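Enquirer: My questions all concern the structure below.
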Amino acid sequence: RTLHTTTIGARTLLCSAAGRMIGPPHPGVPLAYGTAGFRARADLLDSTFFRMGALAVLRSRSRGGLAVGLMVTASHNAEPDNGIKLVDPDGGMLDVSWEPHASAVANAADADLAAALDAVADAVGVVSAGGGRVLVARDTRPHSERLSALALDGVSHLGGAGEDFGLLTTPQLHHIVRHANGGAAGGAHVGPAAWASEGGYAEMLCTAFAALLPPDLGGGGLRAPLTVDCACGVGGPQLAPIAQRLPPPPRPPAR
């Protein structure tokens, strides 16, 4: 993964020396954060991705610097769409109390963006300009890499540390965020720190799958082929290393 860091002194650092805003301009289309995060046509989301990078830093600081996640995906929406959702430190969805903050920041006028972020900081009790860790991953849509870079720019402009995990599925990023924070966010029911990685996710999943197989399958083989529909998305390349760890499929019967 790639690490992005910036050290600053101001609380937001979203204004240049000339007082002009940094970051893409708002497209003039209102957006609302919901269960699926933000979703819209990709060409409308530049400012939203930059701003959610900044907001994720505030979410991390509000939890004492624990890692949060940003997933770049529109799931099953058509290819022209994209979206972004925040992952909380425990690996769950963004706390519902933060959804209005996300919508307010995403829809703020360009000249009011710094004030909107300061308002969130005041509302949640963030007083420090330092710290904040954000893990970013994306799907395989043609615009996801560019939008992911904008989110990382937003993280840097607020002085946070952004880590680019590249291509991941949404559950993989949730898993990595949870295990990166360990018991501090996930409580007693969290795996080892070594699982805070793409390989750790595969190990966890395959170990659990093997444990579920009945013992009468001599050698842990599968009783029948296992078919997974990856819907032409990021699941395809991410399934390959997992498939290599699974028990071998059964041999076809001799004729």
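Quick note on naming: the chains in the structure tokens go A, B, ... in the order shown, residues restart at 1 in each chain, and ligands are numbered from 1 in order of appearance.
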Please identify the alpha helix (DSSP H) residues within stretch 53-227 of chain A (assignment by DSSP from backbone atoms) and present them as an MDAnalysis selection string.
Expert: chainID A and resid 53:62 99:107 113:124 144:157 170:181 183:186 198:212
Enquirer: Can you pull out every residue within 10 Å of A:Ala109, counting only C-alpha atoms, but drop anything in the same chain fewer than 4 positions away, and send it as an mmCIF file with C-alpha atoms, in the first residue's frame?
Expert:
data_model
loop_
_atom_site.group_PDB
_atom_site.id
_atom_site.type_symbol
_atom_site.label_atom_id
_atom_site.label_comp_id
_atom_site.auth_asym_id
_atom_site.auth_seq_id
_atom_site.Cartn_x
_atom_site.Cartn_y
_atom_site.Cartn_z
ATOM 1 C CA PRO A 25 -15.612 22.833 -7.057
ATOM 2 C CA HIS A 26 -19.030 21.620 -5.998
ATOM 3 C CA PRO A 27 -21.074 20.457 -9.030
ATOM 4 C CA GLY A 28 -24.243 22.190 -7.870
ATOM 5 C CA ALA A 104 -23.459 19.027 5.226
ATOM 6 C CA VAL A 105 -19.791 18.899 4.203
ATOM 7 C CA LEU A 113 -16.098 24.370 3.088
ATOM 8 C CA ALA A 114 -13.560 25.263 5.779
ATOM 9 C CA ALA A 115 -16.356 26.611 7.988
ATOM 10 C CA ALA A 116 -18.409 23.449 7.433
#
Enquirer: Using only C-alpha atoms, which protein or nucleic acid residues come within 12 Å of A:Val134? Drop anything in the same chain fewer than 5 positions from it, and give the result as a PyMOL selection string.
Expert: chain A and resi 2-5+52-61+65-71+86-89+148+151-156+158-165+173+176-177+180-181
Enquirer: Would you kindly return, as an NGL selection string, each protein, DNA or RNA residue with an atom no farther than 9 Å from any atom of A:His143, considering only C-alpha atoms and excluding same-chain residues fewer than 2 positions away?
Expert: :A and (42-43 or 80 or 82 or 140-141 or 145-148)
Enquirer: Using backbone DSSP assignments, extract all strand (DSSP E) residues from stretch 162-235 of chain A; output them as a short mmCIF file (atom, residue, chain, number, x, y, z; two decimals) with N, CA, C and O atoms, in the first residue's frame.
Expert:
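File produced: out-v5.cif:
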data_model
loop_
_atom_site.label_atom_id
_atom_site.label_comp_id
_atom_site.auth_asym_id
_atom_site.auth_seq_id
_atom_site.Cartn_x
_atom_site.Cartn_y
_atom_site.Cartn_z
N GLY A 162 -3.03 9.14 5.05
CA GLY A 162 -3.85 8.28 4.19
C GLY A 162 -3.05 7.10 3.69
O GLY A 162 -1.88 7.24 3.31
N GLU A 163 -3.66 5.93 3.69
CA GLU A 163 -3.01 4.71 3.21
C GLU A 163 -3.85 4.13 2.07
O GLU A 163 -5.03 3.84 2.25
N ASP A 164 -3.22 4.00 0.91
CA ASP A 164 -3.91 3.51 -0.29
C ASP A 164 -3.73 2.01 -0.38
O ASP A 164 -2.63 1.51 -0.64
N PHE A 165 -4.83 1.25 -0.20
CA PHE A 165 -4.79 -0.20 -0.27
C PHE A 165 -5.14 -0.73 -1.65
O PHE A 165 -5.23 -1.95 -1.84
N GLY A 166 -5.35 0.16 -2.62
CA GLY A 166 -5.60 -0.28 -3.98
C GLY A 166 -6.92 -1.00 -4.13
O GLY A 166 -7.94 -0.61 -3.54
N LEU A 167 -6.92 -2.08 -4.91
CA LEU A 167 -8.15 -2.82 -5.20
C LEU A 167 -8.51 -3.76 -4.05
O LEU A 167 -7.73 -4.65 -3.70
#
Enquirer: Skip stretch 202-207 of chain A itself and residues of its chain fewer than 6 positions away, then list as a list in words all residues within 7 Å of it, counting only C-alpha atoms.
Expert: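 Once the adjacent positions are removed, what remains is Ile242, Arg245 and Leu246 of chain A.
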Enquirer: Write out as a list in words which residues come within 10 Å of stretch 33-36 of chain A when counting only C-alpha atoms, dropping same-chain ones fewer than 6 positions away.
Expert: Thr73, Ala74, Ser75, Gly83, Ile84, Lys85, Leu86, Met93, Leu94, Val96, Trp98, Glu99, Pro100, His101, Ala102, Ser103, Ala104 and Ala106 of chain A
Enquirer: Would you mind telling me which residue in A:Glu79, A:Ser144, A:Phe38, A:Ser47 lies nearest to A:Cys232 when using only C-alpha atoms?
Expert: A:Glu79
Enquirer: Just the number, please: distance in Å from atom CA of A:Thr169 to atom CA of A:Gly235, one decimal.
Expert: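 Between atom CA of A:Thr169 and atom CA of A:Gly235 the gap is 6.3 Å.
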Enquirer: Check the smallest atom-to-atom distance from each of A:Leu135, A:Asn107, A:Asp90, A:Ala243 to A:Ala188 using only C-alpha atoms, then report the winner.
Expert: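 Comparing A:Leu135, A:Asn107, A:Asp90, A:Ala243 against A:Ala188, the winner is A:Asp90.
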Enquirer: Report the distance between atom CA of A:Gly131 and atom CA of A:Gly64 in Å, rounded to one decimal place.
Expert: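 It comes out at 8.3 Å.
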Enquirer: Can you work out the spacing between atom CA of A:Pro248 and atom CA of A:Ala194 in Å, to one decimal?
Expert: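 These atoms are spaced 25.6 Å apart.
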Enquirer: For a quick check of understanding, using only C-alpha atoms, which of A:Pro225, A:Gly182, A:Pro24, A:Val234 has the smallest distance to A:Ala111?
Expert: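 Result for the nearest residue to A:Ala111: A:Pro24.
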Enquirer: Measuring between only C-alpha atoms, which one of A:His157, A:Pro192, A:Ala211, A:Ala224 shows the shortest distance to A:Gly132?
Expert: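 Using only C-alpha atoms, A:Gly132 sits closest to A:His157.
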